[in-house]
>>> print(open('structure07.txt').read())   # compact mmCIF, C-alpha atoms and all ligand atoms
# COMPACT_ATOMS: atom_id res chain seq x y z
CA MET N 725 37.75 -27.77 -22.01
CA VAL N 726 37.92 -29.57 -25.37
CA TYR N 727 40.80 -28.74 -27.68
CA GLU N 728 40.16 -29.21 -31.37
CA SER N 729 43.03 -30.11 -33.65
CA ILE N 730 43.73 -28.38 -36.94
CA PRO N 731 42.01 -30.51 -39.61
CA ARG N 732 44.04 -32.27 -42.31
CA THR N 733 41.57 -31.24 -44.98
CA VAL N 734 39.67 -28.02 -45.32
CA ARG N 735 35.99 -28.09 -46.17
CA ILE N 736 34.65 -24.78 -47.41
CA ILE N 737 30.94 -24.09 -47.89
CA LEU N 738 29.50 -21.14 -49.80
CA LEU N 739 26.20 -19.73 -48.54
CA GLY N 740 24.20 -16.65 -49.43
CA GLU N 741 21.16 -15.39 -51.25
CA PRO N 742 20.27 -16.76 -54.68
CA GLY N 743 22.07 -15.05 -57.55
CA VAL N 744 24.99 -13.57 -55.60
CA GLY N 745 27.47 -15.65 -57.59
CA LYS N 746 28.38 -18.64 -55.41
CA THR N 747 28.51 -21.14 -58.28
CA SER N 748 30.30 -18.63 -60.52
CA LEU N 749 33.02 -18.09 -57.89
CA ILE N 750 33.67 -21.84 -57.63
CA LEU N 751 33.74 -22.34 -61.40
CA SER N 752 35.91 -19.24 -61.96
CA LEU N 753 38.39 -20.61 -59.42
CA VAL N 754 38.53 -24.01 -61.07
CA THR N 755 38.49 -23.01 -64.76
CA GLU N 756 40.25 -19.64 -64.37
CA GLU N 757 37.64 -18.07 -66.62
CA PHE N 758 34.15 -16.65 -66.19
CA THR N 759 31.21 -18.45 -67.77
CA GLU N 760 27.97 -16.52 -68.08
CA HIS N 761 25.74 -19.60 -67.78
CA VAL N 762 26.48 -21.82 -64.82
CA PRO N 763 24.47 -24.70 -63.37
CA PRO N 764 22.33 -23.89 -60.31
CA LYS N 765 24.73 -25.83 -58.09
CA ALA N 766 28.36 -26.84 -58.64
CA GLU N 767 29.35 -30.42 -57.89
CA GLU N 768 31.49 -30.76 -54.78
CA ILE N 769 35.07 -30.04 -55.79
CA THR N 770 38.26 -31.39 -54.25
CA ILE N 771 41.40 -29.36 -54.82
CA PRO N 772 44.47 -31.55 -54.31
CA ALA N 773 46.97 -30.52 -51.65
CA ASP N 774 49.80 -29.81 -54.07
CA VAL N 775 47.94 -27.01 -55.85
CA THR N 776 46.78 -25.21 -52.72
CA PRO N 777 49.02 -22.59 -51.09
CA GLU N 778 48.73 -24.32 -47.73
CA GLN N 779 49.32 -27.81 -49.16
CA VAL N 780 46.08 -29.14 -47.71
CA PRO N 781 43.38 -30.94 -49.72
CA THR N 782 40.40 -28.65 -49.92
CA ASN N 783 36.77 -29.49 -50.59
CA ILE N 784 34.48 -26.76 -51.84
CA VAL N 785 30.73 -27.15 -51.42
CA ASP N 786 28.13 -25.06 -53.23
CA VAL N 787 24.65 -24.42 -51.85
CA CYS N 788 21.54 -23.68 -53.90
CA LEU N 789 18.33 -23.01 -52.02
CA ASN N 790 16.28 -23.80 -55.12
CA GLU N 791 17.71 -27.32 -55.17
CA GLN N 792 18.20 -28.11 -51.47
CA THR N 793 16.12 -28.10 -48.34
CA LEU N 794 17.23 -26.03 -45.36
CA GLU N 795 17.83 -29.31 -43.51
CA GLN N 796 20.33 -30.35 -46.19
CA VAL N 797 22.04 -26.96 -46.01
CA ALA N 798 22.21 -27.27 -42.21
CA GLU N 799 23.90 -30.69 -42.55
CA GLU N 800 26.49 -29.18 -44.89
CA ILE N 801 27.18 -26.36 -42.42
CA GLU N 802 27.81 -28.92 -39.69
CA LYS N 803 30.34 -30.73 -41.91
CA ALA N 804 32.18 -27.58 -43.02
CA HIS N 805 35.28 -26.12 -41.35
CA VAL N 806 34.75 -22.62 -42.68
CA ILE N 807 31.72 -20.80 -44.01
CA CYS N 808 31.87 -18.23 -46.78
CA ILE N 809 28.75 -16.08 -46.84
CA VAL N 810 28.56 -14.41 -50.23
CA PHE N 811 26.65 -11.24 -51.05
CA SER N 812 26.42 -9.15 -54.16
CA VAL N 813 27.99 -5.71 -53.66
CA ASP N 814 25.41 -4.08 -55.94
CA LYS N 815 22.44 -5.48 -54.00
CA GLN N 816 22.14 -4.10 -50.46
CA GLU N 817 19.43 -6.63 -49.59
CA THR N 818 21.89 -9.51 -50.05
CA LEU N 819 24.20 -7.84 -47.51
CA ASP N 820 21.31 -7.12 -45.12
CA LYS N 821 20.39 -10.82 -45.14
CA ILE N 822 23.80 -11.77 -43.74
CA ALA N 823 23.07 -10.37 -40.27
CA SER N 824 19.31 -10.90 -40.36
CA TYR N 825 19.38 -14.48 -41.63
CA TRP N 826 22.61 -16.23 -42.57
CA LEU N 827 24.79 -15.63 -39.51
CA PRO N 828 21.99 -16.66 -37.10
CA PHE N 829 21.29 -19.69 -39.31
CA VAL N 830 24.96 -20.70 -39.16
CA ARG N 831 25.00 -20.27 -35.37
CA ASP N 832 21.86 -22.39 -35.04
CA ASN N 833 23.61 -25.17 -36.90
CA CYS N 834 26.95 -25.12 -35.10
CA PRO N 835 25.65 -26.21 -31.68
CA ASN N 836 29.01 -27.04 -30.14
CA ASP N 837 31.14 -24.62 -32.03
CA HIS N 838 29.89 -21.08 -32.47
CA ARG N 839 33.35 -20.01 -33.51
CA LYS N 840 33.46 -21.88 -36.83
CA PRO N 841 35.13 -19.17 -38.89
CA VAL N 842 33.01 -17.15 -41.30
CA ILE N 843 34.33 -15.19 -44.27
CA LEU N 844 32.12 -12.45 -45.71
CA VAL N 845 32.52 -12.28 -49.47
CA GLY N 846 31.33 -9.25 -51.44
CA ASN N 847 31.14 -10.50 -55.03
CA LYS N 848 30.58 -8.58 -58.31
CA ILE N 849 32.93 -5.68 -57.55
CA ASP N 850 33.21 -5.25 -61.31
CA LEU N 851 29.74 -3.65 -61.13
CA ILE N 852 30.64 -0.80 -58.74
CA ASP N 853 33.47 1.69 -58.42
CA TYR N 854 33.54 2.09 -54.64
CA SER N 855 34.29 -0.18 -51.70
CA ILE N 856 31.49 -1.45 -49.47
CA ILE N 857 33.85 -2.81 -46.84
CA ASP N 858 32.94 0.00 -44.40
CA ASN N 859 29.37 -1.31 -44.31
CA ILE N 860 30.33 -4.58 -42.74
CA TRP N 861 32.28 -3.60 -39.63
CA ASP N 862 29.08 -3.52 -37.57
CA ILE N 863 28.33 -7.09 -38.59
CA ALA N 864 31.86 -8.21 -37.79
CA GLU N 865 31.61 -6.55 -34.37
CA GLU N 866 28.32 -8.26 -33.55
CA TYR N 867 29.48 -11.66 -34.82
CA PRO N 868 33.07 -12.32 -33.70
CA GLU N 869 33.12 -15.54 -35.72
CA VAL N 870 33.48 -13.30 -38.79
CA ASP N 871 37.15 -13.88 -39.44
CA ARG N 872 37.63 -11.60 -42.42
CA CYS N 873 35.88 -9.88 -45.30
CA ILE N 874 36.93 -9.86 -48.92
CA GLU N 875 35.68 -8.14 -52.06
CA CYS N 876 35.99 -10.03 -55.32
CA SER N 877 34.60 -10.63 -58.78
CA ALA N 878 33.95 -14.01 -60.35
CA LYS N 879 33.66 -12.16 -63.65
CA THR N 880 37.07 -10.46 -63.71
CA LEU N 881 38.64 -13.17 -61.47
CA THR N 882 39.66 -10.41 -59.04
CA ASN N 883 40.50 -11.86 -55.60
CA VAL N 884 38.83 -15.20 -56.39
CA SER N 885 41.77 -17.43 -55.50
CA GLU N 886 42.54 -15.06 -52.58
CA MET N 887 39.03 -15.62 -51.27
CA PHE N 888 39.47 -19.39 -51.14
CA TYR N 889 43.00 -19.00 -49.77
CA ASN N 890 41.66 -16.77 -47.00
CA ALA N 891 39.08 -19.42 -46.16
CA GLN N 892 41.86 -22.02 -45.88
CA LYS N 893 43.91 -19.70 -43.70
CA ALA N 894 40.97 -19.06 -41.38
CA VAL N 895 40.93 -22.79 -40.61
CA LEU N 896 44.65 -23.49 -40.58
CA HIS N 897 45.80 -20.26 -38.89
CA PRO N 898 42.81 -19.16 -36.87
CA ILE N 899 42.70 -15.70 -35.34
CA HIS N 900 40.46 -16.88 -32.52
CA PRO N 901 41.69 -19.59 -30.15
CA ILE N 902 40.45 -22.92 -31.40
CA TYR N 903 38.89 -24.36 -28.34
CA SER N 904 35.40 -24.67 -27.06
CA ILE N 905 34.32 -24.92 -23.49
CA GLU N 906 32.40 -28.04 -22.73
CA GLU N 907 29.28 -27.20 -20.81
CA GLN N 908 29.44 -28.73 -17.35
CA GLU N 909 26.45 -29.24 -15.16
P1 LIG V 1 21.91 -19.65 -56.86
O1 LIG V 1 22.30 -20.89 -57.61
O2 LIG V 1 20.54 -19.16 -57.24
O3 LIG V 1 22.08 -19.77 -55.39
O4 LIG V 1 22.88 -18.46 -57.37
P2 LIG V 1 24.45 -18.29 -57.19
O5 LIG V 1 24.73 -17.54 -55.95
O6 LIG V 1 25.14 -19.61 -57.36
O7 LIG V 1 24.81 -17.31 -58.40
P3 LIG V 1 25.34 -17.68 -59.86
O8 LIG V 1 26.75 -18.12 -59.81
O9 LIG V 1 24.35 -18.59 -60.51
O10 LIG V 1 25.32 -16.23 -60.53
C1 LIG V 1 24.13 -15.47 -60.66
C2 LIG V 1 24.31 -14.46 -61.77
O11 LIG V 1 25.31 -13.51 -61.42
C3 LIG V 1 24.76 -15.07 -63.11
O12 LIG V 1 24.11 -14.40 -64.16
C4 LIG V 1 26.25 -14.79 -63.13
O13 LIG V 1 26.74 -14.69 -64.47
C5 LIG V 1 26.30 -13.45 -62.42
N1 LIG V 1 27.60 -13.22 -61.77
C6 LIG V 1 28.25 -14.06 -60.92
N2 LIG V 1 29.38 -13.51 -60.48
C7 LIG V 1 29.47 -12.30 -61.07
C8 LIG V 1 30.45 -11.23 -60.99
O14 LIG V 1 31.48 -11.28 -60.31
N3 LIG V 1 30.15 -10.12 -61.71
C9 LIG V 1 29.04 -9.99 -62.48
N4 LIG V 1 28.87 -8.85 -63.16
N5 LIG V 1 28.12 -10.97 -62.58
C10 LIG V 1 28.34 -12.10 -61.88
>>> encode(input="structure07.txt", output="structure tokens")
Amino acid sequence: MVYESIPRTVRIILLGEPGVGKTSLILSLVTEEFTEHVPPKAEEITIPADVTPEQVPTNIVDVCLNEQTLEQVAEEIEKAHVICIVFSVDKQETLDKIASYWLPFVRDNCPNDHRKPVILVGNKIDLIDYSIIDNIWDIAEEYPEVDRCIECSAKTLTNVSEMFYNAQKAVLHPIHPIYSIEEQE
């Protein structure tokens, strides 16, 4: 049995279909305002320990499938401690892709650690007036690495800092035991 220690930095990666608002969420967090026109991919951002609730330096990594190969995305998944899979609450197909594509892709790229925590992030709640959280329990049941789900809006800044805080917490205060069983022959 191999015990893994709690990391001293937290590396968060944002995945999800194009256009769901990954870059906007990162830039809204950092600038505390919404910008309509964002670059395809945010530069990697380091948030210093003293401005994070958990007092841990936090790196945030954006992914843009138009600018990166799947191999590059896979390398970033391997380096991350926690994976935020973003979907757009007004586009069912972006939610459907989480179970049909993104969660299996994450598993494929965490060979020794299937339990790397995953946060499901429903962005753009400013566009709807109902909650979609009931639609994701089936996914969470099928994929126990789903640590929590959060609805937010990069546009109105609703739950944006909470989303990143939840990602930190998933690493620093995991719900699942943080060990993996070494395969023995
Ligand atoms: P890729 O770079 O293609 O992977 O897209 P992305 O996931 O980084 O999305 P991006 O941040 O570029 O946002 C896509 C579009 O959605 C932009 O027009 C944003 O202004 C818009 N958008 C992002 N977040 C929100 C939100 O919370 N509410 C609304 N209404 N629009 C949003």
>>> closest_atom_pairs(input="structure07.txt", of="stretch 794-899 of chain N", to="stretch 768-771 of chain N", cutoff="12 Å", atoms="all atoms listed in the file", output="CSV")
residue,atom,partner,partner_atom,distance
N:Glu800,CA,N:Glu768,CA,11.2
N:Ser885,CA,N:Ile771,CA,12.0
N:Phe888,CA,N:Ile771,CA,10.8
N:Tyr889,CA,N:Ile771,CA,11.6
N:Gln892,CA,N:Ile771,CA,11.6
>>> closest_atom_pairs(input="structure07.txt", of="chain N", to="ligand LIG 1 (chain V)", cutoff="9 Å", atoms="all atoms listed in the file", output="tab-separated table")
residue	atom	partner	partner_atom	distance
N:Leu738	CA	V:LIG1	O5	8.6
N:Leu739	CA	V:LIG1	O5	7.9
N:Gly740	CA	V:LIG1	O5	6.6
N:Glu741	CA	V:LIG1	O3	6.1
N:Pro742	CA	V:LIG1	O2	3.5
N:Gly743	CA	V:LIG1	O4	3.5
N:Val744	CA	V:LIG1	O5	4.0
N:Gly745	CA	V:LIG1	O7	3.2
N:Lys746	CA	V:LIG1	O5	3.9
N:Thr747	CA	V:LIG1	O6	3.8
N:Ser748	CA	V:LIG1	O8	3.7
N:Leu749	CA	V:LIG1	N2	6.4
N:Ile750	CA	V:LIG1	O8	8.2
N:Leu751	CA	V:LIG1	O8	8.3
N:Ser752	CA	V:LIG1	N2	8.8
N:Phe758	CA	V:LIG1	O13	7.9
N:Thr759	CA	V:LIG1	O13	6.7
N:Glu760	CA	V:LIG1	O13	4.2
N:His761	CA	V:LIG1	O13	6.0
N:Val762	CA	V:LIG1	O9	5.8
N:Pro763	CA	V:LIG1	O9	6.7
N:Pro764	CA	V:LIG1	O1	4.0
N:Lys765	CA	V:LIG1	O1	5.5
N:Ala766	CA	V:LIG1	O6	8.0
N:Asp786	CA	V:LIG1	O6	7.5
N:Val787	CA	V:LIG1	O3	6.4
N:Cys788	CA	V:LIG1	O3	4.2
N:Leu789	CA	V:LIG1	O3	6.0
N:Asn790	CA	V:LIG1	O2	6.6
N:Glu791	CA	V:LIG1	O1	8.3
N:Val810	CA	V:LIG1	O5	7.6
N:Phe811	CA	V:LIG1	O5	8.2
N:Ser812	CA	V:LIG1	C7	8.2
N:Asn847	CA	V:LIG1	O14	5.3
N:Lys848	CA	V:LIG1	O14	3.5
N:Ile849	CA	V:LIG1	O14	6.4
N:Asp850	CA	V:LIG1	N3	5.8
N:Leu851	CA	V:LIG1	N4	5.6
N:Cys876	CA	V:LIG1	O14	6.8
N:Ser877	CA	V:LIG1	O14	3.5
N:Ala878	CA	V:LIG1	O14	3.7
N:Lys879	CA	V:LIG1	O14	4.1
N:Thr880	CA	V:LIG1	O14	6.6
N:Leu881	CA	V:LIG1	O14	7.5
N:Thr882	CA	V:LIG1	O14	8.3
>>> atom_distance(input="structure07.txt", atom1="atom CA of N:Asn783", atom2="atom CA of N:Ile874")
19.7 Å
>>> closest_residue(input="structure07.txt", among="N:Val785, N:Ala894, N:Ala864, N:Ile852", to="N:Asp814", atoms="all atoms listed in the file")
N:Ile852
>>> closest_residue(input="structure07.txt", among="N:Leu794, N:Val830, N:Ile730, N:Ile809", to="N:Met887", atoms="only C-alpha atoms")
N:Ile809
>>> axis_aligned_box(input="structure07.txt", around="stretch 783-787 of chain N", padding_each_side="6 Å", output="JSON")
{"center_x": 30.7, "center_y": -27.0, "center_z": -51.9, "size_x": 24.1, "size_y": 17.1, "size_z": 14.6}
>>> residues_around(input="structure07.txt", residues="N:Glu799", least_positions_apart="3", cutoff="12 Å", atoms="only C-alpha atoms", output="tab-separated table (two decimals) with C-alpha atoms, in the frame of the given file")
chain	number	residue	atom	x	y	z
N	737	ILE	CA	30.94	-24.09	-47.89
N	785	VAL	CA	30.73	-27.15	-51.42
N	787	VAL	CA	24.65	-24.42	-51.85
N	792	GLN	CA	18.20	-28.11	-51.47
N	793	THR	CA	16.12	-28.10	-48.34
N	794	LEU	CA	17.23	-26.03	-45.36
N	795	GLU	CA	17.83	-29.31	-43.51
N	796	GLN	CA	20.33	-30.35	-46.19
N	802	GLU	CA	27.81	-28.92	-39.69
N	803	LYS	CA	30.34	-30.73	-41.91
N	804	ALA	CA	32.18	-27.58	-43.02
N	829	PHE	CA	21.29	-19.69	-39.31
N	830	VAL	CA	24.96	-20.70	-39.16
N	832	ASP	CA	21.86	-22.39	-35.04
N	833	ASN	CA	23.61	-25.17	-36.90
N	834	CYS	CA	26.95	-25.12	-35.10
N	835	PRO	CA	25.65	-26.21	-31.68
>>> atom_distance(input="structure07.txt", atom1="atom CA of N:Ala798", atom2="atom CA of N:Arg735")
14.4 Å
>>> build_atoms(input="structure07.txt", residues="stretch 747-770 of chain N", atoms="N, CA, C and O atoms", output="CSV table (one decimal), in the coordinates of the input")
chain,number,residue,atom,x,y,z
N,747,THR,N,28.1,-20.1,-57.3
N,747,THR,CA,28.5,-21.1,-58.3
N,747,THR,C,29.6,-20.5,-59.2
N,747,THR,O,30.6,-21.2,-59.5
N,748,SER,N,29.3,-19.3,-59.6
N,748,SER,CA,30.3,-18.6,-60.5
N,748,SER,C,31.7,-18.5,-59.9
N,748,SER,O,32.7,-18.7,-60.5
N,749,LEU,N,31.7,-18.2,-58.6
N,749,LEU,CA,33.0,-18.1,-57.9
N,749,LEU,C,33.8,-19.4,-57.9
N,749,LEU,O,35.0,-19.5,-58.2
N,750,ILE,N,33.0,-20.5,-57.7
N,750,ILE,CA,33.7,-21.8,-57.6
N,750,ILE,C,34.2,-22.2,-59.0
N,750,ILE,O,35.3,-22.6,-59.2
N,751,LEU,N,33.3,-22.0,-60.0
N,751,LEU,CA,33.7,-22.3,-61.4
N,751,LEU,C,34.8,-21.4,-61.9
N,751,LEU,O,35.7,-21.9,-62.6
N,752,SER,N,34.8,-20.1,-61.5
N,752,SER,CA,35.9,-19.2,-62.0
N,752,SER,C,37.2,-19.7,-61.3
N,752,SER,O,38.3,-19.6,-62.0
N,753,LEU,N,37.2,-20.1,-60.1
N,753,LEU,CA,38.4,-20.6,-59.4
N,753,LEU,C,39.0,-21.8,-60.2
N,753,LEU,O,40.1,-21.9,-60.5
N,754,VAL,N,38.1,-22.7,-60.5
N,754,VAL,CA,38.5,-24.0,-61.1
N,754,VAL,C,39.0,-23.9,-62.5
N,754,VAL,O,40.0,-24.4,-62.9
N,755,THR,N,38.2,-23.1,-63.3
N,755,THR,CA,38.5,-23.0,-64.8
N,755,THR,C,39.3,-21.8,-65.1
N,755,THR,O,39.8,-21.7,-66.2
N,756,GLU,N,39.5,-20.9,-64.1
N,756,GLU,CA,40.2,-19.6,-64.4
N,756,GLU,C,39.7,-18.8,-65.5
N,756,GLU,O,40.3,-18.1,-66.2
N,757,GLU,N,38.4,-19.0,-65.7
N,757,GLU,CA,37.6,-18.1,-66.6
N,757,GLU,C,36.2,-18.0,-66.2
N,757,GLU,O,35.7,-18.9,-65.5
N,758,PHE,N,35.5,-16.9,-66.6
N,758,PHE,CA,34.2,-16.6,-66.2
N,758,PHE,C,33.2,-17.2,-67.3
N,758,PHE,O,33.4,-16.9,-68.5
N,759,THR,N,32.2,-18.0,-66.9
N,759,THR,CA,31.2,-18.4,-67.8
N,759,THR,C,29.9,-17.8,-67.4
N,759,THR,O,29.5,-17.8,-66.2
N,760,GLU,N,29.2,-17.2,-68.3
N,760,GLU,CA,28.0,-16.5,-68.1
N,760,GLU,C,26.9,-17.5,-67.6
N,760,GLU,O,26.2,-17.2,-66.6
N,761,HIS,N,26.8,-18.7,-68.2
N,761,HIS,CA,25.7,-19.6,-67.8
N,761,HIS,C,26.3,-20.7,-67.0
N,761,HIS,O,27.1,-21.6,-67.5
N,762,VAL,N,26.0,-20.8,-65.7
N,762,VAL,CA,26.5,-21.8,-64.8
N,762,VAL,C,25.3,-22.7,-64.3
N,762,VAL,O,24.2,-22.2,-64.3
N,763,PRO,N,25.6,-23.9,-63.9
N,763,PRO,CA,24.5,-24.7,-63.4
N,763,PRO,C,24.0,-24.1,-62.0
N,763,PRO,O,24.7,-23.3,-61.4
N,764,PRO,N,22.8,-24.5,-61.6
N,764,PRO,CA,22.3,-23.9,-60.3
N,764,PRO,C,23.3,-24.2,-59.1
N,764,PRO,O,23.4,-23.4,-58.2
N,765,LYS,N,23.9,-25.4,-59.2
N,765,LYS,CA,24.7,-25.8,-58.1
N,765,LYS,C,25.9,-26.6,-58.7
N,765,LYS,O,25.8,-27.5,-59.5
N,766,ALA,N,27.1,-26.1,-58.2
N,766,ALA,CA,28.4,-26.8,-58.6
N,766,ALA,C,28.5,-28.2,-57.9
N,766,ALA,O,28.1,-28.3,-56.7
N,767,GLU,N,29.0,-29.2,-58.6
N,767,GLU,CA,29.4,-30.4,-57.9
N,767,GLU,C,30.4,-30.1,-56.8
N,767,GLU,O,31.2,-29.2,-57.0
N,768,GLU,N,30.4,-30.9,-55.8
N,768,GLU,CA,31.5,-30.8,-54.8
N,768,GLU,C,32.9,-30.9,-55.4
N,768,GLU,O,33.0,-31.9,-56.2
N,769,ILE,N,33.8,-30.0,-55.1
N,769,ILE,CA,35.1,-30.0,-55.8
N,769,ILE,C,36.1,-30.3,-54.8
N,769,ILE,O,36.1,-29.8,-53.6
N,770,THR,N,37.1,-31.2,-55.1
N,770,THR,CA,38.3,-31.4,-54.2
N,770,THR,C,39.5,-30.8,-54.9
N,770,THR,O,39.8,-31.2,-56.1
